[in-house]
file query.cif (mmCIF, C-alpha atoms)
data_data
#
loop_
_atom_site.group_PDB
_atom_site.id
_atom_site.type_symbol
_atom_site.label_atom_id
_atom_site.label_comp_id
_atom_site.auth_asym_id
_atom_site.auth_seq_id
_atom_site.Cartn_x
_atom_site.Cartn_y
_atom_site.Cartn_z
ATOM 1 C CA MET A 1 -0.138 26.174 2.346
ATOM 2 C CA GLY A 2 0.733 23.118 0.350
ATOM 3 C CA LYS A 3 4.233 22.646 -1.004
ATOM 4 C CA ARG A 4 5.347 20.515 -3.938
ATOM 5 C CA PHE A 5 8.576 18.586 -4.314
ATOM 6 C CA ASP A 6 10.128 16.433 -7.035
ATOM 7 C CA ALA A 7 11.435 13.938 -4.478
ATOM 8 C CA MET A 8 11.183 13.024 -0.809
ATOM 9 C CA SER A 9 13.441 14.934 1.544
ATOM 10 C CA ASP A 10 14.968 13.555 4.735
ATOM 11 C CA SER A 11 12.198 15.251 6.743
ATOM 12 C CA HIS A 12 9.561 13.561 4.554
ATOM 13 C CA LYS A 13 11.231 10.178 5.123
ATOM 14 C CA GLN A 14 11.329 10.831 8.870
ATOM 15 C CA LEU A 15 7.617 11.670 8.914
ATOM 16 C CA ILE A 16 6.853 8.449 7.007
ATOM 17 C CA ALA A 17 8.960 6.379 9.426
ATOM 18 C CA GLU A 18 7.028 7.781 12.402
ATOM 19 C CA GLN A 19 3.561 6.917 11.064
ATOM 20 C CA LYS A 20 1.679 3.763 12.014
ATOM 21 C CA LEU A 21 -1.032 4.273 9.381
ATOM 22 C CA PHE A 22 -1.122 5.300 5.742
ATOM 23 C CA PHE A 23 -3.734 5.393 3.006
ATOM 24 C CA VAL A 24 -3.527 4.124 -0.586
ATOM 25 C CA ALA A 25 -5.774 5.423 -3.371
ATOM 26 C CA THR A 26 -6.114 3.988 -6.880
ATOM 27 C CA ALA A 27 -8.700 4.166 -9.641
ATOM 28 C CA PRO A 28 -9.374 2.405 -12.916
ATOM 29 C CA ASP A 29 -9.843 4.463 -16.075
ATOM 30 C CA GLU A 30 -13.575 4.147 -15.437
ATOM 31 C CA GLY A 31 -15.297 2.712 -12.395
ATOM 32 C CA ARG A 32 -14.956 2.843 -8.644
ATOM 33 C CA ILE A 33 -12.146 4.668 -6.869
ATOM 34 C CA ASN A 34 -10.506 2.675 -4.095
ATOM 35 C CA LEU A 35 -9.116 4.170 -0.887
ATOM 36 C CA SER A 36 -7.684 1.812 1.719
ATOM 37 C CA PRO A 37 -6.088 2.331 5.127
ATOM 38 C CA LYS A 38 -2.892 0.331 5.651
ATOM 39 C CA GLY A 39 -0.912 -0.476 8.742
ATOM 40 C CA MET A 40 1.431 -3.067 10.161
ATOM 41 C CA ASP A 41 5.132 -2.682 9.416
ATOM 42 C CA SER A 42 4.485 -2.767 5.683
ATOM 43 C CA PHE A 43 5.979 0.403 4.135
ATOM 44 C CA ARG A 44 9.555 1.046 2.993
ATOM 45 C CA VAL A 45 11.281 4.035 1.433
ATOM 46 C CA ILE A 46 13.772 2.658 -1.100
ATOM 47 C CA ASP A 47 15.194 5.973 -2.323
ATOM 48 C CA ASN A 48 14.076 9.601 -2.766
ATOM 49 C CA ASN A 49 11.627 8.652 -5.539
ATOM 50 C CA THR A 50 10.762 5.025 -4.823
ATOM 51 C CA VAL A 51 8.697 3.393 -2.089
ATOM 52 C CA ALA A 52 7.319 -0.101 -1.610
ATOM 53 C CA TRP A 53 4.591 -1.565 0.538
ATOM 54 C CA LEU A 54 3.825 -5.150 1.351
ATOM 55 C CA ASN A 55 0.153 -5.867 0.796
ATOM 56 C CA VAL A 56 -1.438 -8.622 2.838
ATOM 57 C CA THR A 57 -4.520 -10.631 1.934
ATOM 58 C CA GLY A 58 -7.780 -8.819 2.457
ATOM 59 C CA SER A 59 -11.401 -9.006 1.458
ATOM 60 C CA GLY A 60 -10.774 -7.316 -1.891
ATOM 61 C CA ASN A 61 -7.901 -6.741 -4.268
ATOM 62 C CA GLU A 62 -8.833 -3.457 -5.942
ATOM 63 C CA THR A 63 -5.349 -1.957 -5.853
ATOM 64 C CA ALA A 64 -3.841 -4.770 -7.914
ATOM 65 C CA ALA A 65 -6.553 -4.504 -10.579
ATOM 66 C CA HIS A 66 -6.230 -0.732 -10.839
ATOM 67 C CA VAL A 67 -2.428 -0.770 -10.957
ATOM 68 C CA ALA A 68 -2.493 -3.453 -13.657
ATOM 69 C CA GLU A 69 -4.781 -1.206 -15.715
ATOM 70 C CA ASN A 70 -3.059 2.174 -15.420
ATOM 71 C CA GLY A 71 -0.511 2.221 -12.586
ATOM 72 C CA ARG A 72 -1.826 5.408 -10.961
ATOM 73 C CA MET A 73 -1.465 5.532 -7.177
ATOM 74 C CA THR A 74 -1.467 8.079 -4.376
ATOM 75 C CA VAL A 75 -0.181 7.262 -0.886
ATOM 76 C CA MET A 76 -1.103 9.604 1.969
ATOM 77 C CA PHE A 77 0.291 9.958 5.476
ATOM 78 C CA CYS A 78 -1.253 12.111 8.235
ATOM 79 C CA ALA A 79 0.549 13.060 11.412
ATOM 80 C CA PHE A 80 -1.865 12.270 14.240
ATOM 81 C CA ALA A 81 0.710 13.346 16.847
ATOM 82 C CA GLY A 82 3.308 16.109 16.904
ATOM 83 C CA LYS A 83 3.521 18.747 14.193
ATOM 84 C CA PRO A 84 0.431 18.739 11.921
ATOM 85 C CA VAL A 85 1.436 17.497 8.457
ATOM 86 C CA ILE A 86 -0.235 15.677 5.586
ATOM 87 C CA LEU A 87 2.130 14.105 3.052
ATOM 88 C CA ARG A 88 1.033 12.702 -0.306
ATOM 89 C CA LEU A 89 3.136 10.671 -2.724
ATOM 90 C CA TYR A 90 1.817 10.678 -6.301
ATOM 91 C CA GLY A 91 3.090 8.407 -9.021
ATOM 92 C CA HIS A 92 2.851 5.209 -10.972
ATOM 93 C CA ALA A 93 3.105 1.824 -9.335
ATOM 94 C CA GLN A 94 3.964 -1.688 -10.350
ATOM 95 C CA VAL A 95 2.476 -4.757 -8.683
ATOM 96 C CA ILE A 96 4.935 -7.515 -7.804
ATOM 97 C CA HIS A 97 3.421 -10.957 -7.257
ATOM 98 C CA GLN A 98 5.097 -13.861 -5.498
ATOM 99 C CA ARG A 99 5.754 -15.513 -8.869
ATOM 100 C CA ASP A 100 7.716 -12.478 -10.155
ATOM 101 C CA SER A 101 11.523 -12.447 -10.152
ATOM 102 C CA GLU A 102 11.638 -9.200 -8.099
ATOM 103 C CA TRP A 103 9.592 -10.700 -5.248
ATOM 104 C CA LYS A 104 12.442 -12.329 -3.331
ATOM 105 C CA HIS A 105 14.619 -9.203 -3.317
ATOM 106 C CA LEU A 106 11.765 -6.879 -2.324
ATOM 107 C CA PHE A 107 10.186 -9.249 0.206
ATOM 108 C CA ALA A 108 13.535 -9.323 2.039
ATOM 109 C CA LEU A 109 12.984 -5.622 2.910
ATOM 110 C CA PHE A 110 10.079 -6.582 5.193
ATOM 111 C CA GLU A 111 9.486 -8.749 8.209
ATOM 112 C CA PRO A 112 7.543 -11.761 6.924
ATOM 113 C CA LEU A 113 3.794 -11.330 7.351
ATOM 114 C CA ALA A 114 1.320 -14.194 7.182
ATOM 115 C CA GLY A 115 -0.940 -13.726 4.168
ATOM 116 C CA ALA A 116 1.541 -11.561 2.220
ATOM 117 C CA ARG A 117 -0.064 -11.120 -1.180
ATOM 118 C CA GLN A 118 1.736 -8.529 -3.316
ATOM 119 C CA ILE A 119 4.328 -5.809 -3.103
ATOM 120 C CA PHE A 120 3.574 -2.497 -4.737
ATOM 121 C CA VAL A 121 6.508 -0.386 -5.879
ATOM 122 C CA LEU A 122 5.634 3.269 -6.432
ATOM 123 C CA ASN A 123 7.755 5.519 -8.632
ATOM 124 C CA VAL A 124 7.121 8.839 -6.888
ATOM 125 C CA GLU A 125 6.645 11.646 -9.411
ATOM 126 C CA LEU A 126 5.313 14.324 -7.053
ATOM 127 C CA VAL A 127 5.509 14.829 -3.300
ATOM 128 C CA GLN A 128 3.043 17.234 -1.724
ATOM 129 C CA SER A 129 2.938 18.365 1.872
ATOM 130 C CA SER A 130 0.185 20.392 3.481
ATOM 131 C CA CYS A 131 -0.502 21.715 6.956
ATOM 132 C CA GLY A 132 -2.843 19.113 8.426
ATOM 133 C CA MET A 133 -4.051 21.598 11.040
ATOM 134 C CA ALA A 134 -7.585 20.126 10.941
ATOM 135 C CA VAL A 135 -6.386 16.542 11.506
ATOM 136 C CA PRO A 136 -7.202 15.541 15.093
ATOM 137 C CA TYR A 137 -4.753 14.074 17.569
ATOM 138 C CA PHE A 138 -4.945 10.313 18.099
ATOM 139 C CA ASP A 139 -3.008 8.090 20.449
ATOM 140 C CA TYR A 140 -1.493 4.902 19.079
ATOM 141 C CA ALA A 141 -2.742 1.983 21.202
ATOM 142 C CA GLY A 142 -1.014 -0.874 19.378
ATOM 143 C CA GLU A 143 -1.326 -3.219 16.427
ATOM 144 C CA ARG A 144 -4.342 -5.399 15.794
ATOM 145 C CA GLU A 145 -3.277 -9.025 15.449
ATOM 146 C CA LEU A 146 -6.546 -10.216 13.884
ATOM 147 C CA LEU A 147 -5.402 -10.266 10.239
ATOM 148 C CA LYS A 148 -2.119 -12.026 11.049
ATOM 149 C CA ASP A 149 -3.955 -14.564 13.216
ATOM 150 C CA TRP A 150 -6.572 -15.149 10.488
ATOM 151 C CA ALA A 151 -3.893 -15.704 7.800
ATOM 152 C CA THR A 152 -1.818 -17.960 10.039
ATOM 153 C CA LYS A 153 -4.860 -20.074 10.877
ATOM 154 C CA LYS A 154 -5.831 -20.374 7.180
ATOM 155 C CA GLY A 155 -2.342 -21.515 6.231
ATOM 156 C CA GLU A 156 -0.753 -21.238 2.801
ATOM 157 C CA SER A 157 -3.259 -23.473 1.008
ATOM 158 C CA GLY A 158 -6.192 -21.743 2.699
ATOM 159 C CA ILE A 159 -4.861 -18.367 1.589
ATOM 160 C CA GLN A 160 -4.511 -19.667 -1.980
ATOM 161 C CA ASP A 161 -8.148 -20.850 -1.836
ATOM 162 C CA TYR A 162 -9.203 -17.434 -0.533
ATOM 163 C CA TRP A 163 -7.349 -15.709 -3.385
ATOM 164 C CA ARG A 164 -9.067 -18.015 -5.874
ATOM 165 C CA ASP A 165 -12.511 -17.337 -4.374
ATOM 166 C CA ARG A 166 -12.288 -13.645 -3.488
ATOM 167 C CA ASN A 167 -9.184 -11.883 -4.847
ATOM 168 C CA GLN A 168 -9.092 -12.564 -8.601
ATOM 169 C CA HIS A 169 -11.406 -9.724 -9.648
ATOM 170 C CA SER A 170 -12.079 -6.160 -8.538
ATOM 171 C CA LEU A 171 -15.526 -4.852 -7.639
ATOM 172 C CA ASP A 172 -15.832 -3.759 -11.278
ATOM 173 C CA GLY A 173 -14.823 -7.215 -12.573
ATOM 174 C CA ARG A 174 -11.245 -6.328 -13.528
ATOM 175 C CA GLU A 175 -8.583 -9.019 -13.217
ATOM 176 C CA THR A 176 -6.106 -8.608 -10.365
ATOM 177 C CA GLY A 177 -3.396 -10.995 -11.549
ATOM 178 C CA ILE A 178 -3.190 -12.678 -8.152
ATOM 179 C CA LEU A 179 -3.095 -16.203 -9.597
ATOM 180 C CA VAL A 180 -2.705 -15.634 -13.345
ATOM 181 C CA PRO A 181 -0.919 -12.673 -14.981
ATOM 182 C CA VAL A 182 -3.246 -9.981 -16.324
ATOM 183 C CA LYS A 183 -3.494 -10.111 -20.108
#
call {"tool": "encode", "arguments": {"input": "query.cif", "output": "structure tokens"}}
result
Amino acid sequence: MGKRFDAMSDSHKQLIAEQKLFFVATAPDEGRINLSPKGMDSFRVIDNNTVAWLNVTGSGNETAAHVAENGRMTVMFCAFAGKPVILRLYGHAQVIHQRDSEWKHLFALFEPLAGARQIFVLNVELVQSSCGMAVPYFDYAGERELLKDWATKKGESGIQDYWRDRNQHSLDGRETGILVPVK
């Protein structure tokens, strides 16, 4: 049965630290819901009610548009090895862009990643764990280097061009704030 918590416990933090994959879900007030798998070494627990993840450049930028609109976010972890557990973090997030004063402090929490785009800081309002007994076992085979290689090859100016061409608006036409703050 599912259990609810007001904050992350040490066992929740341990589960998070062991995972190589997590999922982020956001939605605008009206429009498409976005659910994205995330990997790399891009997630940090800051305290019992605050987490951050470093978002790298991708084909879309839905999360930034949705967070700018209403801040709602859910992050989910599944244990694919060991004890079966699903852990969800519900709350409101803030998007931190490279131009923001908080960027330098937060970016220092992560190993630099080519193509780093934003940092999302989630104020965790509810933690929910459930059994995960139907989640299959998977073996971790390693990281894919394709995204890092792509971003490195593009270089900083190429990434900026990509943001300009493909990351300024969500699928529903909402502004992401990647280059210009959302009004």
call {"tool": "closest_atom_pairs", "arguments": {"input": "query.cif", "of": "region 14-86 of chain A", "to": "region 159-163 of chain A", "cutoff": "10 Å", "atoms": "only C-alpha atoms", "output": "tab-separated table"}}
result
residue	atom	partner	partner_atom	distance
A:Thr57	CA	A:Ile159	CA	7.8
A:Gly58	CA	A:Trp163	CA	9.0
A:Ser59	CA	A:Tyr162	CA	8.9
A:Gly60	CA	A:Trp163	CA	9.2
A:Asn61	CA	A:Trp163	CA	9.0
call {"tool": "closest_residue", "arguments": {"input": "query.cif", "among": "A:Asn55, A:Ser129, A:Ser101, A:Gln94", "to": "Ile16 (chain A)", "atoms": "only C-alpha atoms"}}
result
A:Ser129
call {"tool": "resolve_selection", "arguments": {"input": "query.cif", "expression": "the PyMOL selection byres ((chain A and resi 147) around 9)", "output": "PyMOL selection string"}}
result
chain A and resi 56-58+114-115+144-146+148-152
call {"tool": "atom_distance", "arguments": {"input": "query.cif", "atom1": "CA of Gly177 (chain A)", "atom2": "CA of Ala68 (chain A)"}}
result
7.9 Å
call {"tool": "residues_around", "arguments": {"input": "query.cif", "residues": "Pro181 (chain A)", "least_positions_apart": "5", "cutoff": "10 Å", "atoms": "all atoms listed in the file", "output": "ChimeraX atom specification"}}
result
/A:68,97,99-100,175-176
call {"tool": "closest_residue", "arguments": {"input": "query.cif", "among": "A:Trp103, A:Trp53, A:Phe110, A:Phe77", "to": "Leu122 (chain A)", "atoms": "only C-alpha atoms"}}
result
A:Trp53
call {"tool": "atom_distance", "arguments": {"input": "query.cif", "atom1": "CA of Met40 (chain A)", "atom2": "CA of Ala116 (chain A)"}}
result
11.6 Å
call {"tool": "closest_residue", "arguments": {"input": "query.cif", "among": "A:His105, A:Lys153, A:Lys13, A:Arg32", "to": "Glu62 (chain A)", "atoms": "all atoms listed in the file"}}
result
A:Arg32
call {"tool": "resolve_selection", "arguments": {"input": "query.cif", "expression": "the PyMOL selection byres ((chain A and resi 7) around 6)", "output": "ChimeraX atom specification"}}
result
/A:5-6,8,48-49
call {"tool": "closest_residue", "arguments": {"input": "query.cif", "among": "A:Asp139, A:Asp29, A:Asp10, A:Asp47", "to": "His66 (chain A)", "atoms": "all atoms listed in the file"}}
result
A:Asp29
call {"tool": "resolve_selection", "arguments": {"input": "query.cif", "expression": "the PyMOL selection byres ((chain A and resi 130) around 9)", "output": "ChimeraX atom specification"}}
result
/A:1-3,84-88,128-129,131-133
call {"tool": "closest_residue", "arguments": {"input": "query.cif", "among": "A:Gly155, A:Tyr90, A:Ala81, A:Gly142", "to": "Leu113 (chain A)", "atoms": "all atoms listed in the file"}}
result
A:Gly155
call {"tool": "closest_residue", "arguments": {"input": "query.cif", "among": "A:Leu89, A:Val121, A:Val24, A:Ile33", "to": "Ile46 (chain A)", "atoms": "only C-alpha atoms"}}
result
A:Val121
call {"tool": "atom_distance", "arguments": {"input": "query.cif", "atom1": "CA of Arg174 (chain A)", "atom2": "CA of Ala65 (chain A)"}}
result
5.8 Å
call {"tool": "residues_around", "arguments": {"input": "query.cif", "residues": "Glu143 (chain A)", "least_positions_apart": "5", "cutoff": "12 Å", "atoms": "only C-alpha atoms", "output": "PyMOL selection string"}}
result
chain A and resi 20-21+38-41+148
call {"tool": "residues_near_point", "arguments": {"input": "query.cif", "point": "(5.2, -0.6, -4.8)", "cutoff": "12 Å", "atoms": "only C-alpha atoms", "output": "ChimeraX atom specification"}}
result
/A:24,42-46,49-55,63-64,67,71-75,89-97,102-103,106-107,118-124
call {"tool": "decode", "arguments": {"input": "query.cif", "residues": "region 28-85 of chain A", "atoms": "C-alpha atoms", "output": "PDB file, in the first residue's frame"}}
result
ATOM      1  CA  PRO A  28       0.100  23.479 -18.219  1.00  0.00           C
ATOM      2  CA  ASP A  29      -3.279  24.645 -16.933  1.00  0.00           C
ATOM      3  CA  GLU A  30      -4.686  23.448 -20.253  1.00  0.00           C
ATOM      4  CA  GLY A  31      -2.910  21.495 -22.957  1.00  0.00           C
ATOM      5  CA  ARG A  32      -0.549  18.569 -23.228  1.00  0.00           C
ATOM      6  CA  ILE A  33       0.920  16.792 -20.218  1.00  0.00           C
ATOM      7  CA  ASN A  34       4.650  16.165 -20.451  1.00  0.00           C
ATOM      8  CA  LEU A  35       6.427  13.123 -19.019  1.00  0.00           C
ATOM      9  CA  SER A  36      10.161  12.790 -19.596  1.00  0.00           C
ATOM     10  CA  PRO A  37      12.750  10.205 -18.572  1.00  0.00           C
ATOM     11  CA  LYS A  38      15.954  11.707 -17.169  1.00  0.00           C
ATOM     12  CA  GLY A  39      19.347  10.227 -16.518  1.00  0.00           C
ATOM     13  CA  MET A  40      22.991  11.169 -16.286  1.00  0.00           C
ATOM     14  CA  ASP A  41      24.275  12.403 -12.935  1.00  0.00           C
ATOM     15  CA  SER A  42      21.735  15.215 -12.892  1.00  0.00           C
ATOM     16  CA  PHE A  43      19.703  14.944  -9.655  1.00  0.00           C
ATOM     17  CA  ARG A  44      20.528  16.309  -6.197  1.00  0.00           C
ATOM     18  CA  VAL A  45      18.720  16.208  -2.870  1.00  0.00           C
ATOM     19  CA  ILE A  46      19.338  19.571  -1.188  1.00  0.00           C
ATOM     20  CA  ASP A  47      17.377  18.946   2.016  1.00  0.00           C
ATOM     21  CA  ASN A  48      14.352  16.930   3.198  1.00  0.00           C
ATOM     22  CA  ASN A  49      11.950  19.066   1.135  1.00  0.00           C
ATOM     23  CA  THR A  50      14.087  20.399  -1.705  1.00  0.00           C
ATOM     24  CA  VAL A  51      15.612  18.719  -4.747  1.00  0.00           C
ATOM     25  CA  ALA A  52      17.255  20.039  -7.893  1.00  0.00           C
ATOM     26  CA  TRP A  53      17.976  18.564 -11.285  1.00  0.00           C
ATOM     27  CA  LEU A  54      20.199  19.821 -14.037  1.00  0.00           C
ATOM     28  CA  ASN A  55      18.345  19.801 -17.335  1.00  0.00           C
ATOM     29  CA  VAL A  56      20.376  19.422 -20.501  1.00  0.00           C
ATOM     30  CA  THR A  57      19.396  20.562 -23.979  1.00  0.00           C
ATOM     31  CA  GLY A  58      16.901  18.336 -25.712  1.00  0.00           C
ATOM     32  CA  SER A  59      14.491  18.369 -28.599  1.00  0.00           C
ATOM     33  CA  GLY A  60      11.798  20.155 -26.593  1.00  0.00           C
ATOM     34  CA  ASN A  61      11.547  22.358 -23.541  1.00  0.00           C
ATOM     35  CA  GLU A  62       8.085  21.548 -22.195  1.00  0.00           C
ATOM     36  CA  THR A  63       9.090  21.434 -18.538  1.00  0.00           C
ATOM     37  CA  ALA A  64      10.328  25.026 -18.534  1.00  0.00           C
ATOM     38  CA  ALA A  65       7.127  26.313 -20.153  1.00  0.00           C
ATOM     39  CA  HIS A  66       4.890  24.412 -17.749  1.00  0.00           C
ATOM     40  CA  VAL A  67       6.858  25.424 -14.654  1.00  0.00           C
ATOM     41  CA  ALA A  68       6.799  29.069 -15.754  1.00  0.00           C
ATOM     42  CA  GLU A  69       3.006  28.837 -16.026  1.00  0.00           C
ATOM     43  CA  ASN A  70       2.079  27.059 -12.792  1.00  0.00           C
ATOM     44  CA  GLY A  71       5.109  25.420 -11.159  1.00  0.00           C
ATOM     45  CA  ARG A  72       3.487  21.998 -10.726  1.00  0.00           C
ATOM     46  CA  MET A  73       5.883  19.056 -10.990  1.00  0.00           C
ATOM     47  CA  THR A  74       6.048  15.396 -10.037  1.00  0.00           C
ATOM     48  CA  VAL A  75       9.319  13.446 -10.023  1.00  0.00           C
ATOM     49  CA  MET A  76       9.151   9.644  -9.943  1.00  0.00           C
ATOM     50  CA  PHE A  77      11.791   7.030  -9.192  1.00  0.00           C
ATOM     51  CA  CYS A  78      11.349   3.266  -9.708  1.00  0.00           C
ATOM     52  CA  ALA A  79      13.651   0.662  -8.238  1.00  0.00           C
ATOM     53  CA  PHE A  80      14.545  -1.661 -11.111  1.00  0.00           C
ATOM     54  CA  ALA A  81      16.838  -3.711  -8.848  1.00  0.00           C
ATOM     55  CA  GLY A  82      16.601  -4.739  -5.204  1.00  0.00           C
ATOM     56  CA  LYS A  83      13.507  -4.096  -3.114  1.00  0.00           C
ATOM     57  CA  PRO A  84      10.505  -3.047  -5.259  1.00  0.00           C
ATOM     58  CA  VAL A  85       9.693   0.614  -4.558  1.00  0.00           C
TER      59      VAL A  85
END
